[in-house]
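Trainee: Submitted below is the structure of interest, expressed as structure tokens.
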Amino acid sequence: MYANKLARLAFGLLAESTFKWPLTRSVSSRVKAERSLCSWTVCLHHRQNNQLSNGLTRLNVRAVSQTTVDPAEVRKFQAMASKWWDLQGEFAVLHCMNDLRVPFIRDNLLNVHGVQQLGKPLAGLRILDVGCGGGVLSEPLGRLGADVLGIDPVEDSVRTAELHSSYDPDLRERVRYQACTLEELAEEEVEGFHAVVASEVVEHLADLDAFASCCQQVLKPGGSLFITTLNKTNLSYVFGIVAAEQLLRIVPSGTHDWEKFISPEDLERLLESFDFYVEAIRGMIYNPLTGAWSWQQSTAINYALHAIKRKEEPQPDRVWAESENLDEPGRATTYS
Amino acid sequence: MLTFAKAKLAVLGIIRQCVALRALNGAQAVRRGFASTERDEKSSTSENELFDIIISGGGMVGTAMACSLGLDPNLAGKKILLLEAGHKKEMDKVPETYSTRVSSISPGSAALLSGTDLCSFLNFLSVWDACSDALITFDKENLQDKMAYIVENDVIVAALTKQLQTLSDHVEVQYRTKVVKYTWPHPYHVSESIPWVQVTLANGKTLHTKLLIGADGPNSMVRREAGIPTVKWNYNQSAVVAVLHLSEPTENNVAWQRFLPTGPIAMLPLSDTESSLVWSTSHQHAEELLQLDEESFVDAINSAFWSNENHSELVETAGSLFRTALSVLMPDSGSAHQLPPSVAGIGPKSRVMFPLGMGHATEYIRHRVAIIGDAAHRVHPLAGQGANLGFGDVAYLTKVLSQAAFNGKDLGAMQHLLEFETERQRHNLPMMAAVDLMKRLYSTNAAPLVLLRTFGLQATNTLPPFKEQIMAYASK
């Protein structure tokens with residue numbers, strides 16, 4: 001079993017190194033040909049090339065579907081639905097991540113909107129937490145004064161979240177949960193939110209295009225989109241899957257599928273095509289010895305991204321600006 | 001045998017402090033789960049008031065905690081309650097006569113308490129041994145910086161109470177309120193049970209809180225009910241406190257402390273004509289001192305400061321030889337030798353005595369609970385650090401809670417409380433160990449130990465950098 005995985009890792013390394021660089025630089029059919037030579041499950045099944053409107057090629061791992069929800073993922077999280085608030089349990093690493101993601105969201109929103117009220121810095125802001133799970137991230141945002149709506153397709157998780165927040169009158173007023181999908185919500189709440197948070201969610205989705213489109217629909221113009229996810233690199237395979245799930249078992253086995261990871265460049269390109277402007281990308285890393293997350297320069301494993309929905313129509317010179325940016329792999333903009 | 005058990009508990013405390021580096025440690029959090037069976041299983045929807053923070057105990061440290069939390073901008077919307085069993089201490093102005101209980105407040109604590117009326121300031125500290133002529137003086141070269149402030153406890157509490165009145169929109173104080181029971185929550189979420197700490201008052205009301213801070217003194221009920229193991233022992237000493245009238249007005253900015261074999265006697269300046277006495281001695285001697293009439297009491301004080309009956313030939317010769325040697329090696333060291341003032345009478349308020357002991361809680365925190373001040377650590381007054389350690393706790397806990405609130409965290413969560421405990425134990429334990437060591441070292445007449453401390457004190461007196469380090473540590 002491990003030999004198989006090692007083999008996958010070795011060939012994954014080989015395969016990735018041959019075509020990772022060309023991928024970010026330019027479109028080439030050579031890339032397509034090389035990929036079809038390999039038959040390893042890790043890298044190369046299910047790849048489809050979609051032409052973007054401005055002539056760039058985007059590689060899509062997932063089948064194009066009408067819905068963002070992947071039933072296999074739903075089943076996976078259904079089984080763990082009661083464990084969200086066990087601080088030493090499966091989701092311990094996610095609880096620790098709050099130390100990075102809450103300040104990231106809070107500070108970026110404060111930069112855009114200014115301080116609303118002492119003691120409640122996010123007062124008056126409506127935030128949508130997509131894939132809220134047990135409410136691990138919704139609750140701190142609610143405590144900071146924001147009006148939070150958490151949605152998740154797994155109904156048991158939503159029940160757990162509701163129960164946990166029901167004891168605290170502060171949270172009861174400010175944090176609400178709904179068991180539904182983002183598409184269902186997007187039909188009702190057009191331009192209803194100041195910010196959308198999708199933390200550790202895009203690596204579990206079936207269709208990223210639909211996701212980006214829905215986010216675009218529910219956000220007010222100038223609204224913020226916060227995403228944290230894993231990069232698609234050798235390092236993220238080694239640390240994010242092999243080390244985290246199998247060796248150290250700090251993440252339940254089978255939680256992540258490397259195929260579904262997306263690099264920050266690809267994600268940025270995708271969001272730009274839906275009228276977002278990516279304002280910041282920051283690398284994150286988890287240290288299992290101290291049990292703490294910290295920011296880092298490299299986005300090779302985990303990263304956080306902040307994008308803003310453009311307020312007006314895109315300018316004609318935007319295409320030129322975009323292709324220039326493609327030459328910088330692994331760009332990590334720091335925010336002040 | 002008993003000392004071995006005590007040492008073991010103390011070591012456990014230190015180990016716990018080292019291990020507590022981990023933010024979330026599974027085994028540790030489970031161990032901190034409560035063994036007591038007092039859990040409220042009702043999923044009560046009753047309208048019991050839910051507070052964000054309840055502080056149990058309204059002494060100097062408890063009231064300072066309430067003020068500090070109330071003034072913090074990140075805690076602006078939180079509901080805070082202070083429970084005090086006594087009555088409200090109000091003072092329109094500082095009274096004419098000094099009261100007997102005073103504390104020496106370091107500059108660090110003074111920064112926290114800025115706004116109180118400070119009665120006097122202390123520029124020098126002179127400490128010397130009764131069994132030899134070894135003397136050490138701590139002085140600030142630059143007379144602008146104060147070493148410490150001597151302030152009456154009542155004045156501190158009254159000033160803080162006045163400050164609290166301006167914060168009454170989110171900080172509430174209930175006087176004459178006694179707590180009869182604490183009910184602890186499960187360390188993790190269990191459905192059908194209340195996740196908050198429940199505080200049952202003597203008048204039957206039950207209050208809920210997300211974080212309970214115990215500032216209820218050395219016999220803390222919070223600490224006891226939480227089952228936190230404490231390392232403690234009695235010194236078999238009592239301290240006699242009184243207000244002294246000096247025989248002549250002087251520039252009273254020196255604190256004097258002389259180590260007698262029965263215990264240290266200290267004179268802390270209050271004004272140009274008055275000083276406060278803290279005389280730690282055996283229980284029996286303390287009771288005798290209280291019975292003496294005023295004149296004999298004054299004579300006893302003066303002879304304690306001036307008499308040389310405990311000097312032995314050997315120690316005197318050795319001491320003066322060592323002093324000569326040091327003055328050859330380091331000719332500039334050793335400041336001018338001042339003499340302590342003599343006492344003429346005592347203040348109108350009666351003398352008081354209280355027992356002395358040492359105590360240290362091995363843990364300062366539990367899930368949704370933190371203890372500060374004397375509830376967590378109790379020291380001998382010989383170094384004037386008891387109140388300062390408490391104020392240090394207040395400052396750091398406020399900082400930790402402020403940051404946690406700004407990050408949207410649940411205030412009772414273990415992660416930041418562990419950070420508070422680690423940092424404060426790291427600061428408090430060495431201080432307490434040093435004070436205890438000093439007390440034991442100076443409690444004896446035995447020649448070898450007297451020689452040791454004589455040489456030690458004289459050597460330390462000639463090393464300005466070392467003295468500066470000590471002063472900096474005590475001033476935090």
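Following the order of the structure tokens, chains are lettered A, B, ..., residues in each are numbered from 1, and ligands are numbered from 1.
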Just want the 9 Å neighbourhood of Phe322 of chain B, counted on only C-alpha atoms, with same-chain residues fewer than 5 positions away dropped. Output as a PyMOL selection string.
Mentor: chain B and resi 317+327+455+458-459
Trainee: Dump N, CA, C and O atoms for the selected residues as an mmCIF file, in the first residue's frame?
Mentor:
```cif
data_model
loop_
_atom_site.group_PDB
_atom_site.id
_atom_site.type_symbol
_atom_site.label_atom_id
_atom_site.label_comp_id
_atom_site.auth_asym_id
_atom_site.auth_seq_id
_atom_site.Cartn_x
_atom_site.Cartn_y
_atom_site.Cartn_z
ATOM 1 N N THR B 317 34.825 40.203 62.630
ATOM 2 C CA THR B 317 36.171 40.260 62.067
ATOM 3 C C THR B 317 36.159 39.845 60.610
ATOM 4 O O THR B 317 36.713 40.538 59.750
ATOM 5 N N SER B 327 36.920 46.657 49.045
ATOM 6 C CA SER B 327 37.178 48.063 48.753
ATOM 7 C C SER B 327 38.500 48.225 48.025
ATOM 8 O O SER B 327 38.687 49.183 47.277
ATOM 9 N N PHE B 455 28.995 37.712 53.512
ATOM 10 C CA PHE B 455 29.839 37.877 52.337
ATOM 11 C C PHE B 455 28.977 38.149 51.110
ATOM 12 O O PHE B 455 29.294 39.003 50.285
ATOM 13 N N GLN B 458 27.619 41.737 51.155
ATOM 14 C CA GLN B 458 28.661 42.730 50.901
ATOM 15 C C GLN B 458 29.107 42.683 49.454
ATOM 16 O O GLN B 458 29.318 43.717 48.825
ATOM 17 N N ALA B 459 29.269 41.460 48.945
ATOM 18 C CA ALA B 459 29.701 41.349 47.553
ATOM 19 C C ALA B 459 28.650 41.951 46.625
ATOM 20 O O ALA B 459 28.973 42.695 45.698
#
```
Trainee: Go through segment 199-281 of chain B and collect every residue that DSSP, computed from the backbone, puts in strand (DSSP E or B); the answer should be as an MDAnalysis selection string.
Mentor: chainID B and resid 199:201 206:214 230:246 254:260 263:269 274:281
Trainee: Please report as a PyMOL selection string which residues of chain A come no farther than 10 Å from chain B, using only C-alpha atoms.
Mentor: chain A and resi 85-89+92-93+96+98-104+106+117-121+137-145+160+163-164+167-169+289-292
Trainee: Applying 8 Å and only C-alpha atoms, which residues near segment 267-284 of chain B remain after dropping the ones on its own chain fewer than 6 positions away? List them as a ChimeraX atom specification.
Mentor: /B:100,102,119-122,150-151,236-257,355
Trainee: Find the residue from B:Ser104, B:Ser303, B:Ser109, B:Thr324 that sits nearest to Asp393 of chain B; use only C-alpha atoms when measuring.
Mentor: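 For Asp393 of chain B, the nearest of the candidates is B:Ser109.
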